[in-house]
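Each remark here refers to the structure printed beneath this line.
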Amino acid sequence: MGRYVIRRLLQMVPVFFGATLLIFLMVNVMGDPIAGLCGERQCDPATAAQLRKEFGLDKPVWQQYATYMGNVFTGDFGTAFNGQEVTELMGEAFPVTIRLTLVAIFFEIVIGIALGVVTGLRRGRPVDSGVLLLTLVVISVPTFVTGLLLQLLLGYKWDIIDPSVSTDARLDELIVPGLVLASVSLAYVTRLTRTSIAENSRADYVRTAKAKGLPRGRVIRKHLLRNSLIPVVTFIGTDIGALMGGAIVTERIFNIHGVGYQLYQGILRQNTQTVVGFVSVLVIVFLVANLLVDLLYAVLDPRIRYA
Amino acid sequence: MPATSYEAVMSAEPDTPGRLLDVRDLHVEFRTRDGVARAVNGVNYTVDAGETLAVLGESGSGKSVTAQAVMGILDMPPGRITGGEILFRGQDLLTMREDERRKIRGAGMAMIFQDALSSLNPVLSVGDQLGEMFVVHQGLSRKDAKARAVELMDRVRIPAAKERVGQYPHQFSGGMRQRIMIAMALSLEPDLIIADEPTTALDVTVQAQVMDLLAELQRELDMGLILITHDLGVVADVADKIAVMYAGRIVETAPVHDIYSAPAHPYTKGLLESIPRLDQKGQELYAIKGLPPNLMHIPPGCAFNPRCPMAQDVCRTDVPPLYEVNEQRGSACHFWEAAIHG
Amino acid sequence: MPEPRQNPHFDDPAHSAVAATGAGGAADLAMAEGETLEKAPGGPDGSGPADKPRSLWSDAWRDLRRNPVFIVSALVILFLIVISLWPSLIASGNPQSCDLAKAQQGSQPGHPFGFNGQGCDVYTRTVYGARASVTVGVCATVGVALLGSVLGGLAGFFGGASDAVLSRLTDVFFGIPVVLGGLVLLSVITSSTVWPVVGFMVLLGWPQISRIARGSVITAKQNDYVQAARALGASSSRMLLRHIAPNAVAPVIVVATIALGTYISLEATLSFLGVGLKPPTVSWGIDISSASPYIRNAPHMLLWPAGALAITVLAFIMLGDAVRDALDPKLR
């Protein structure tokens, strides 16, 4: 088990540097890092050269990346467009997005798995076909459309929620945005659980469990569910990092000042430090979530643990 | 009065003393998208305490489906029992309520499956899976159940049972896994065991050990045993009587030695002749020509007629009943007399 | 201890950054649900032998023709393709001719969907918007499928170092959430053609297909008849083309069909964020985005293009779903 963890950790290293380098290159090569620094107008050539030198932009890109990464490891993520430390922005933004993500994951687990189990056990019945069609619709309607529609209906028409989330982003305000963020993943969780349940319910060990004279509930809970949820848990785990990245759309619609909002601002003002910093942290979250999933996988499935 | 509860069945006294199981005219079909597959078409057999019935047949002959119907673990749908009775200790299981019938599974009758690796739950320890029988059926605590699991593992002669009780199925060898399956089936000392090809997935050397263990435990506990197999070699040593199945019907039934010396059905004859024998070394091995029938389109008349070397016109039109060869034997062949002497 | 990448569950949506963004993970879903396309159905003892062997494709086609979901989605897609080629067939107006005086007005004779914020006819723009979506979807899918299956197929076939490098590279790409990558990469592009968006999708989409192609090639490689061909001295290219590729094609087709729908959805999402297609290109995403501030007073400006978008994506995803069901005998 220990060696397994270490190997997974080592595998993360190149992926982390690869992904951050890719983002770094994208931002640097595609955009002009100092474009936003002189306010609305273009910088004059002298100031531009001065700024380039100051930020080390006259050096080759790989050297810039190395310097940046060196700084990151000492906790210095640089300065955002408004003069705030990027770390400070992160301190404000991440708690909000983490809360939003947790709400989304909660919905994924509770609603997604419940629907998946119900449909998986009733394959081909009306409930199954209905839910299946619904998941397809949810997957097909882009998140931003779902979000706008819910905002229109719940926020403006029926006045059930506040269409825009306050700066504290309280948990109760995040219920609808969390549902929107979760919607597509939730549909996936439902379908994945359904398939997994349906597949496993024909497994030999389920037949054995029936032959042992176990009550139906116990067959489902102890034998069927435990095996069927392994891939689902894997999906939800990796979805954590991904949801945080995908929160950008939801945060935009409901005006939530989280990671997506800050990133969007950073991109609009072409502030390299903000963008690369936030994305690097997101990549780390994604990788750590992946690692945790692999470990969880080993816990859930003894065949991996003892192989 | 029909028995409706588990207790009533387990204390019932069958009309014929010692008779555990009496399957009467059982019909099972599967409804699939492509049509109705008639898997079992009027099967009759009986098993008494301490008796071993071997059910023989190719895959698709309905031998496993019959067994699953007896156990009550058929997938329904697509499966459907369309007729017949399954009398266990004289009481019809098919008219019982599912929750009562459930209690009979494991306690009254148990089943051993072919592939122990896939039949055991991969994510639960063998101790959990064995102990579960006691937890569910007898309400034992987890701790007591575990102690019983170790006892069971000792009983089926798994070395170092105490240490291995917490291990998972994939950590055992094939033979050891099948011993665990046997231990699980025997845990509540049922009256009847159904073993569905229990040794097919094992190495030849291990096959004999597992078979001997099963036979020994059966004697010890005076259980009835249904041994489903396509391996005639296994049958000769352990079975008391044989039922040969073809296309969902029993085509021949007889005490074990009679069938080997003088088969009364051309299909049984073909099966026996396709066993390799040392004295026929160098000769071409006999094989029954053709394929088993498609269960959605079973041939009219005798289902075996397209493959039968003795087939006459009557075989293509009339379904042969199970003719009585003698008191203990039956053959579903219009020309059984020719078969038995030829 | 097994390499987790060889675990079947590893190719499920869990590891897709695309699924992650909520904009386009359906493709991986297809694999999660049909990950063992080659596995035969485990019927009951009485299932009996088949009448005669039928090929996977003719069997699938026979199934599809009987499937109403397939027929409906195929018809919708056919209709979409026709109007994206010849929008004037059903819309006589010009999507760019607008009258500010009519801005935000609702439905009226000759203008069933009303007018948008600039006073353009919403019906005409919705019809013309199909072209951008279909073009992006089809081009991105073709690009992703070609690049992904070639890279993944070769890596799976040759294994060794090239496989290891490719696997790490796919990990890197999966580490980047798609919408984020799109924001970063596309925010500086001013071109109003569809090509930057298509290029971006190919760049970030290929690992998804490559993983599936790699997996199915590795599975196919282990088939006995391929081993036999190797033993008989078949050349590498012959084995790849004649024995392995045909087996790997089915899962790639299924995933690509579903992915097409999600790329259309992704394009709209990017356009909504202001980094996808740009005016004067007529796109549902742009129209939804520019209508969203007025959602309260003039929801019709948003609902029509959003509805068209949803139906389009739904059609492709349902088509992919139907194709998967047909190609996966295990689910019958």
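Naming works like this for the structure tokens: A, B, ... for the chains as they're shown, residue 1 at the start of each chain, ligands 1 onward in shown order.
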
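Selected on chain B by distance to chain C: Phe30, Ala37, Arg38, Ala39, Ser59, Gly60, Ser61, Gly62, Lys63, Ser64, Val65, Pro292, Pro293, Asn294, Leu295 and Met296 of chain B (within 8 Å, counting only C-alpha atoms).
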
Q: Do a neighbour search on Phe278 in chain A at 9 Å with only C-alpha atoms, toss out local chain neighbours closer than 4 positions, and write the hits as an MDAnalysis selection string.
A: chainID A and resid 77 86 90 259 262:263 273:274 282:283

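Near chain B, within 10 Å and counting only C-alpha atoms, the residues of chain A are Arg202, Ala203, Asp204, Tyr205, Val206, Arg207, Thr208, Ala209, Lys210, Ala211, Lys212, Gly213, Leu214, Pro215, Arg216, Arg218, Lys222, His223, Leu224, Arg226, Asn227, Val299, Leu300, Asp301, Pro302, Arg303, Tyr306 and Ala307 of chain A.
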
Selected residues written out, C-alpha atoms, as an mmCIF file, in the first residue's frame:
```cif
data_model
loop_
_atom_site.group_PDB
_atom_site.id
_atom_site.type_symbol
_atom_site.label_atom_id
_atom_site.label_comp_id
_atom_site.auth_asym_id
_atom_site.auth_seq_id
_atom_site.Cartn_x
_atom_site.Cartn_y
_atom_site.Cartn_z
ATOM 1 C CA ARG A 202 -26.470 -10.225 -12.991
ATOM 2 C CA ALA A 203 -23.160 -11.112 -11.397
ATOM 3 C CA ASP A 204 -22.583 -14.606 -10.056
ATOM 4 C CA TYR A 205 -21.957 -13.395 -6.526
ATOM 5 C CA VAL A 206 -25.375 -11.745 -6.424
ATOM 6 C CA ARG A 207 -26.910 -15.055 -7.452
ATOM 7 C CA THR A 208 -24.912 -16.674 -4.645
ATOM 8 C CA ALA A 209 -26.226 -14.103 -2.190
ATOM 9 C CA LYS A 210 -29.786 -14.954 -3.249
ATOM 10 C CA ALA A 211 -29.059 -18.661 -2.957
ATOM 11 C CA LYS A 212 -27.829 -18.048 0.585
ATOM 12 C CA GLY A 213 -31.348 -16.977 1.452
ATOM 13 C CA LEU A 214 -30.484 -13.379 2.244
ATOM 14 C CA PRO A 215 -33.347 -10.875 2.287
ATOM 15 C CA ARG A 216 -33.548 -8.777 -0.858
ATOM 16 C CA ARG A 218 -29.418 -7.212 2.300
ATOM 17 C CA LYS A 222 -24.289 -5.512 1.231
ATOM 18 C CA HIS A 223 -23.473 -7.288 -1.997
ATOM 19 C CA LEU A 224 -24.773 -5.358 -4.974
ATOM 20 C CA ARG A 226 -20.819 -2.176 -2.417
ATOM 21 C CA ASN A 227 -19.475 -3.485 -5.721
ATOM 22 C CA VAL A 299 -9.682 0.683 0.138
ATOM 23 C CA LEU A 300 -12.949 -0.315 -1.525
ATOM 24 C CA ASP A 301 -11.528 -3.042 -3.711
ATOM 25 C CA PRO A 302 -9.301 -5.562 -1.937
ATOM 26 C CA ARG A 303 -8.189 -6.972 -5.282
ATOM 27 C CA TYR A 306 -3.530 -7.027 -2.058
ATOM 28 C CA ALA A 307 -2.612 -7.623 -5.660
#
```

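When only C-alpha atoms are used to measure the gap to chain A, the shortest distance among C:Gly233, C:Pro280, C:Pro246, C:Gly175 belongs to C:Gly175.
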